[in-house]
Amino acid sequence: EEARKIEVVDLQNPLNSCSLPEKFPTKLKRAVGGFTKDGPLLCGGFNSDTDSISNDCFILNNAKFFETEVNLKTARERASAVVLPNGELWIHGGGNFGRLWSSENISLQGSEYGMQLEKIIAGHCSMLINSTTAFISGGYMGFGTSTSETYFVDIHNWKSIKGPYMEEARRDHGCVLFMHNNHNYALVAGGYNPDFLSSTEILDLDSGLMEWTKGK
């Protein structure tokens with residue numbers, strides 16, 4: 001039952017953080033989601049109730065998650081996702097008894113296949129860094145190896161170019177965009193390669209240098 005608990009974190013005031021009284025409809029791990037135009041939408045993952053990789057999606061409404069009528073075209077776990085400026089969720093990569101390079105754009109109005117990634121990848125992390133560009137870092141490349149590669153993705157033309165290599169290869173890590181002293185930075189943290197990592201790296205997206213520096 002603990003695996004089905006729904007928790008809400010208020011980033012403006014952590015004192016408002018809470019656990020919702022309703023449980024999640026099923027036991028799920030390695031799913032992805034985002035705050036879309038339709039509300040918090042969560043898709044895919046491994047469903048331990050059915051012992052299968054899921055193509056289901058769930059929407060949060062009135063403090064309760066409901067299964068939607070829209071499904072992923074490809075069931076996937078360990079994918080990554082960003083909310084696009086049009087409010088849709090772009091879900092890419094992941095695994096389904098093998099790694100994937102397909103992507104999908106999904107909302108409650110439907111799902112359609114999007115661009116193919118540069119490589120088959122899972123366990124990567126992504127973020128939207130501005131209104132035209134997404135950024136993908138790391139991931140699992142198979143045969144027990146992680147990658148330090150990064151990519152910038154033009155979400156208007158759906159083309160990608162390579163970004164700077166991270167100092168360390170990592171998969172199943174966290175990443176986030178933040179602003180400090182009027183500069184935009186990409187931060188990656190933790191992950192796995194081949195053991196658990198506690199390291200962080202920072203990329204100044206506005207400096208033009210495009211070099212990662214190690215953080216604390």
# chains A, B, ... in the order shown; residues from 1 in each chain; ligands from 1

$ select_by_dssp --residues "chain A" --states "strand (DSSP E)" --output "MDAnalysis selection string"
chainID A and resid 7:8 18:19 28:29 32:36 39:43 46:47 52:53 57:61 64:67 80:83 89:92 103:107 110:113 125:130 133:137 140:142 145:146 150:154 159:162 174:180 183:189 200:204 212:214

$ closest_atom_pairs --of "range 7-106 of chain A" --to "range 124-133 of chain A" --cutoff "10 Å" --atoms "only C-alpha atoms" --output "JSON lines"
{"residue": "A:Arg78", "atom": "CA", "partner": "A:His124", "partner_atom": "CA", "distance": 7.7}
{"residue": "A:Ala79", "atom": "CA", "partner": "A:His124", "partner_atom": "CA", "distance": 7.1}
{"residue": "A:Ser80", "atom": "CA", "partner": "A:Cys125", "partner_atom": "CA", "distance": 5.8}
{"residue": "A:Ala81", "atom": "CA", "partner": "A:Ser126", "partner_atom": "CA", "distance": 6.5}
{"residue": "A:Val82", "atom": "CA", "partner": "A:Met127", "partner_atom": "CA", "distance": 5.9}
{"residue": "A:Val83", "atom": "CA", "partner": "A:Leu128", "partner_atom": "CA", "distance": 7.5}
{"residue": "A:Leu84", "atom": "CA", "partner": "A:Leu128", "partner_atom": "CA", "distance": 7.6}
{"residue": "A:Pro85", "atom": "CA", "partner": "A:Ser131", "partner_atom": "CA", "distance": 6.2}
{"residue": "A:Asn86", "atom": "CA", "partner": "A:Ser131", "partner_atom": "CA", "distance": 9.6}
{"residue": "A:Ile91", "atom": "CA", "partner": "A:Ser126", "partner_atom": "CA", "distance": 9.8}
{"residue": "A:His92", "atom": "CA", "partner": "A:Ser126", "partner_atom": "CA", "distance": 9.3}
{"residue": "A:Gly93", "atom": "CA", "partner": "A:His124", "partner_atom": "CA", "distance": 8.2}
{"residue": "A:Gly94", "atom": "CA", "partner": "A:His124", "partner_atom": "CA", "distance": 8.1}

$ write_last_selection --atoms "C-alpha atoms" --output "mmCIF file, in the first residue's frame"
data_model
loop_
_atom_site.group_PDB
_atom_site.id
_atom_site.type_symbol
_atom_site.label_atom_id
_atom_site.label_comp_id
_atom_site.auth_asym_id
_atom_site.auth_seq_id
_atom_site.Cartn_x
_atom_site.Cartn_y
_atom_site.Cartn_z
ATOM 1 C CA ARG A 78 12.441 4.173 -17.698
ATOM 2 C CA ALA A 79 11.501 6.742 -20.350
ATOM 3 C CA SER A 80 11.844 10.504 -19.894
ATOM 4 C CA ALA A 81 9.360 13.288 -20.530
ATOM 5 C CA VAL A 82 8.986 17.055 -20.809
ATOM 6 C CA VAL A 83 5.892 19.233 -21.034
ATOM 7 C CA LEU A 84 5.961 21.097 -24.352
ATOM 8 C CA PRO A 85 4.944 24.773 -24.675
ATOM 9 C CA ASN A 86 1.645 23.652 -26.238
ATOM 10 C CA ILE A 91 7.624 11.040 -23.826
ATOM 11 C CA HIS A 92 10.780 9.580 -25.347
ATOM 12 C CA GLY A 93 12.944 6.508 -25.163
ATOM 13 C CA GLY A 94 12.653 3.997 -22.367
#

$ atom_distance --atom1 "CA of Asn105 in chain A" --atom2 "CA of Glu88 in chain A"
6.3 Å

$ closest_residue --among "A:Gly114, A:Gly98, A:Pro194, A:Pro40" --to "Thr145 in chain A" --atoms "only C-alpha atoms"
A:Pro194

$ residues_around --residues "Ile120 in chain A" --least-positions-apart "4" --cutoff "6 Å" --atoms "only C-alpha atoms" --output "JSON, numbers by chain"
{"A": [99, 100, 101]}

$ residues_around --residues "range 201-210 of chain A" --least-positions-apart "5" --cutoff "8 Å" --atoms "only C-alpha atoms" --output "ChimeraX atom specification"
/A:163-164,166-167,183-189,215

$ closest_residue --among "A:Cys57, A:Ala3, A:Ile106, A:Ile155" --to "Lys27 in chain A" --atoms "only C-alpha atoms"
A:Ala3

$ residues_around --residues "Ser52 in chain A" --least-positions-apart "5" --cutoff "12 Å" --atoms "only C-alpha atoms" --output "PDB file with N, CA, C and O atoms, in the first residue's frame"
ATOM      1  N   THR A  26      -2.943   1.776  -9.027  1.00  0.00           N
ATOM      2  CA  THR A  26      -2.191   0.536  -9.155  1.00  0.00           C
ATOM      3  C   THR A  26      -0.770   0.750  -8.655  1.00  0.00           C
ATOM      4  O   THR A  26      -0.332   1.893  -8.476  1.00  0.00           O
ATOM      5  N   LYS A  27      -0.041  -0.327  -8.424  1.00  0.00           N
ATOM      6  CA  LYS A  27       1.363  -0.217  -8.030  1.00  0.00           C
ATOM      7  C   LYS A  27       2.195   0.004  -9.284  1.00  0.00           C
ATOM      8  O   LYS A  27       2.179  -0.823 -10.203  1.00  0.00           O
ATOM      9  N   LEU A  28       2.934   1.094  -9.329  1.00  0.00           N
ATOM     10  CA  LEU A  28       3.616   1.504 -10.549  1.00  0.00           C
ATOM     11  C   LEU A  28       4.981   2.071 -10.207  1.00  0.00           C
ATOM     12  O   LEU A  28       5.134   2.804  -9.228  1.00  0.00           O
ATOM     13  N   LYS A  29       5.992   1.730 -11.013  1.00  0.00           N
ATOM     14  CA  LYS A  29       7.314   2.319 -10.856  1.00  0.00           C
ATOM     15  C   LYS A  29       7.877   2.633 -12.234  1.00  0.00           C
ATOM     16  O   LYS A  29       7.458   2.080 -13.242  1.00  0.00           O
ATOM     17  N   ARG A  30       8.860   3.554 -12.271  1.00  0.00           N
ATOM     18  CA  ARG A  30       9.561   3.934 -13.500  1.00  0.00           C
ATOM     19  C   ARG A  30       8.628   4.538 -14.541  1.00  0.00           C
ATOM     20  O   ARG A  30       8.861   4.424 -15.744  1.00  0.00           O
ATOM     21  N   GLY A  44       2.926   5.179 -18.580  1.00  0.00           N
ATOM     22  CA  GLY A  44       3.916   4.118 -18.694  1.00  0.00           C
ATOM     23  C   GLY A  44       4.341   3.569 -17.346  1.00  0.00           C
ATOM     24  O   GLY A  44       3.622   3.642 -16.352  1.00  0.00           O
ATOM     25  N   GLY A  45       5.541   2.975 -17.323  1.00  0.00           N
ATOM     26  CA  GLY A  45       6.086   2.400 -16.112  1.00  0.00           C
ATOM     27  C   GLY A  45       5.864   0.903 -16.038  1.00  0.00           C
ATOM     28  O   GLY A  45       5.257   0.289 -16.925  1.00  0.00           O
ATOM     29  N   PHE A  46       6.363   0.322 -14.968  1.00  0.00           N
ATOM     30  CA  PHE A  46       6.180  -1.115 -14.727  1.00  0.00           C
ATOM     31  C   PHE A  46       5.069  -1.306 -13.708  1.00  0.00           C
ATOM     32  O   PHE A  46       5.145  -0.800 -12.587  1.00  0.00           O
ATOM     33  N   ASN A  47       4.022  -2.022 -14.113  1.00  0.00           N
ATOM     34  CA  ASN A  47       2.873  -2.279 -13.258  1.00  0.00           C
ATOM     35  C   ASN A  47       3.093  -3.590 -12.524  1.00  0.00           C
ATOM     36  O   ASN A  47       3.041  -4.666 -13.122  1.00  0.00           O
ATOM     37  N   ALA A  75       4.037   0.673 -24.989  1.00  0.00           N
ATOM     38  CA  ALA A  75       4.269   0.540 -23.551  1.00  0.00           C
ATOM     39  C   ALA A  75       5.754   0.738 -23.275  1.00  0.00           C
ATOM     40  O   ALA A  75       6.607   0.234 -23.999  1.00  0.00           O
ATOM     41  N   ARG A  76       6.084   1.486 -22.212  1.00  0.00           N
ATOM     42  CA  ARG A  76       7.497   1.779 -21.936  1.00  0.00           C
ATOM     43  C   ARG A  76       7.705   2.112 -20.465  1.00  0.00           C
ATOM     44  O   ARG A  76       6.825   2.670 -19.803  1.00  0.00           O
ATOM     45  N   GLU A  77       8.883   1.752 -19.953  1.00  0.00           N
ATOM     46  CA  GLU A  77       9.333   2.142 -18.625  1.00  0.00           C
ATOM     47  C   GLU A  77      10.709   2.792 -18.754  1.00  0.00           C
ATOM     48  O   GLU A  77      11.368   2.682 -19.783  1.00  0.00           O
ATOM     49  N   GLY A  95      12.277   1.644 -22.106  1.00  0.00           N
ATOM     50  CA  GLY A  95      12.476   0.240 -22.402  1.00  0.00           C
ATOM     51  C   GLY A  95      11.177  -0.533 -22.462  1.00  0.00           C
ATOM     52  O   GLY A  95      10.192  -0.175 -21.821  1.00  0.00           O
ATOM     53  N   ASN A  96      11.199  -1.579 -23.264  1.00  0.00           N
ATOM     54  CA  ASN A  96      10.096  -2.526 -23.347  1.00  0.00           C
ATOM     55  C   ASN A  96      10.697  -3.859 -23.779  1.00  0.00           C
ATOM     56  O   ASN A  96      10.642  -4.226 -24.946  1.00  0.00           O
ATOM     57  N   PHE A  97      11.345  -4.547 -22.809  1.00  0.00           N
ATOM     58  CA  PHE A  97      12.116  -5.759 -23.098  1.00  0.00           C
ATOM     59  C   PHE A  97      13.119  -5.470 -24.218  1.00  0.00           C
ATOM     60  O   PHE A  97      13.244  -6.199 -25.193  1.00  0.00           O
TER      61      PHE A  97
END

$ residues_around --residues "range 61-67 of chain A" --least-positions-apart "6" --cutoff "7 Å" --atoms "only C-alpha atoms" --output "list in words"
Leu20, Glu22, Phe24 and Pro25 of chain A

$ atom_distance --atom1 "CA of Asn193 in chain A" --atom2 "CA of Ser102 in chain A"
24.1 Å

$ residues_around --residues "Ser160 in chain A" --least-positions-apart "6" --cutoff "12 Å" --atoms "only C-alpha atoms" --output "ChimeraX atom specification"
/A:115-119,132-136,150-154

$ closest_residue --among "A:Gly138, A:Pro21, A:Gly34, A:Gly144" --to "Lys162 in chain A" --atoms "only C-alpha atoms"
A:Gly138

$ atom_distance --atom1 "CA of Leu72 in chain A" --atom2 "CA of Asp56 in chain A"
6.4 Å

$ decode --residues "range 97-124 of chain A" --atoms "N, CA and C atoms" --output "compact mmCIF listing (two decimals), in the first residue's frame"
# COMPACT_ATOMS: atom_id res chain seq x y z
N PHE A 97 11.34 -4.55 -22.81
CA PHE A 97 12.12 -5.76 -23.10
C PHE A 97 13.12 -5.47 -24.22
N GLY A 98 13.83 -4.38 -24.06
CA GLY A 98 14.74 -3.81 -25.05
C GLY A 98 14.55 -2.31 -25.00
N ARG A 99 15.58 -1.57 -25.35
CA ARG A 99 15.50 -0.12 -25.29
C ARG A 99 14.83 0.44 -26.54
N LEU A 100 14.26 1.64 -26.40
CA LEU A 100 13.48 2.26 -27.47
C LEU A 100 14.11 3.58 -27.90
N TRP A 101 13.89 3.94 -29.17
CA TRP A 101 14.27 5.29 -29.59
C TRP A 101 13.09 6.06 -30.13
N SER A 102 11.89 5.48 -30.00
CA SER A 102 10.70 6.20 -30.43
C SER A 102 10.28 7.22 -29.38
N SER A 103 9.42 8.14 -29.78
CA SER A 103 8.85 9.11 -28.85
C SER A 103 7.38 9.31 -29.20
N GLU A 104 6.65 9.90 -28.25
CA GLU A 104 5.23 10.16 -28.46
C GLU A 104 4.87 11.52 -27.88
N ASN A 105 3.96 12.20 -28.54
CA ASN A 105 3.33 13.41 -28.01
C ASN A 105 1.94 13.03 -27.56
N ILE A 106 1.62 13.28 -26.29
CA ILE A 106 0.35 12.78 -25.76
C ILE A 106 -0.36 13.85 -24.94
N SER A 107 -1.68 13.86 -25.04
CA SER A 107 -2.57 14.64 -24.20
C SER A 107 -3.86 13.86 -24.10
N LEU A 108 -4.84 14.39 -23.39
CA LEU A 108 -6.11 13.69 -23.29
C LEU A 108 -6.85 13.64 -24.62
N GLN A 109 -6.38 14.44 -25.59
CA GLN A 109 -7.00 14.43 -26.91
C GLN A 109 -6.46 13.31 -27.80
N GLY A 110 -5.36 12.67 -27.38
CA GLY A 110 -4.82 11.56 -28.16
C GLY A 110 -3.31 11.49 -28.07
N SER A 111 -2.75 10.45 -28.68
CA SER A 111 -1.31 10.23 -28.72
C SER A 111 -0.86 9.97 -30.14
N GLU A 112 0.29 10.53 -30.50
CA GLU A 112 0.84 10.26 -31.83
C GLU A 112 2.36 10.15 -31.72
N TYR A 113 2.93 9.31 -32.57
CA TYR A 113 4.37 9.15 -32.56
C TYR A 113 5.06 10.44 -32.96
N GLY A 114 6.21 10.70 -32.31
CA GLY A 114 7.01 11.87 -32.62
C GLY A 114 8.33 11.47 -33.26
N MET A 115 9.37 12.28 -33.07
CA MET A 115 10.66 12.04 -33.68
C MET A 115 11.32 10.80 -33.09
N GLN A 116 12.27 10.24 -33.83
CA GLN A 116 13.12 9.19 -33.28
C GLN A 116 14.35 9.83 -32.66
N LEU A 117 14.78 9.29 -31.53
CA LEU A 117 15.97 9.80 -30.87
C LEU A 117 17.22 9.42 -31.66
N GLU A 118 18.33 10.07 -31.31
CA GLU A 118 19.59 9.78 -31.98
C GLU A 118 20.02 8.34 -31.75
N LYS A 119 19.74 7.83 -30.52
CA LYS A 119 20.15 6.48 -30.17
C LYS A 119 19.07 5.82 -29.34
N ILE A 120 19.10 4.50 -29.33
CA ILE A 120 18.22 3.74 -28.44
C ILE A 120 18.70 3.98 -27.01
N ILE A 121 17.79 4.38 -26.13
CA ILE A 121 18.24 4.84 -24.81
C ILE A 121 17.13 4.67 -23.78
N ALA A 122 17.54 4.44 -22.54
CA ALA A 122 16.62 4.35 -21.40
C ALA A 122 17.32 4.88 -20.17
N GLY A 123 16.56 5.25 -19.17
CA GLY A 123 17.15 5.75 -17.94
C GLY A 123 17.84 7.09 -18.10
N HIS A 124 17.48 7.85 -19.14
CA HIS A 124 18.05 9.17 -19.36
C HIS A 124 17.21 10.22 -18.64
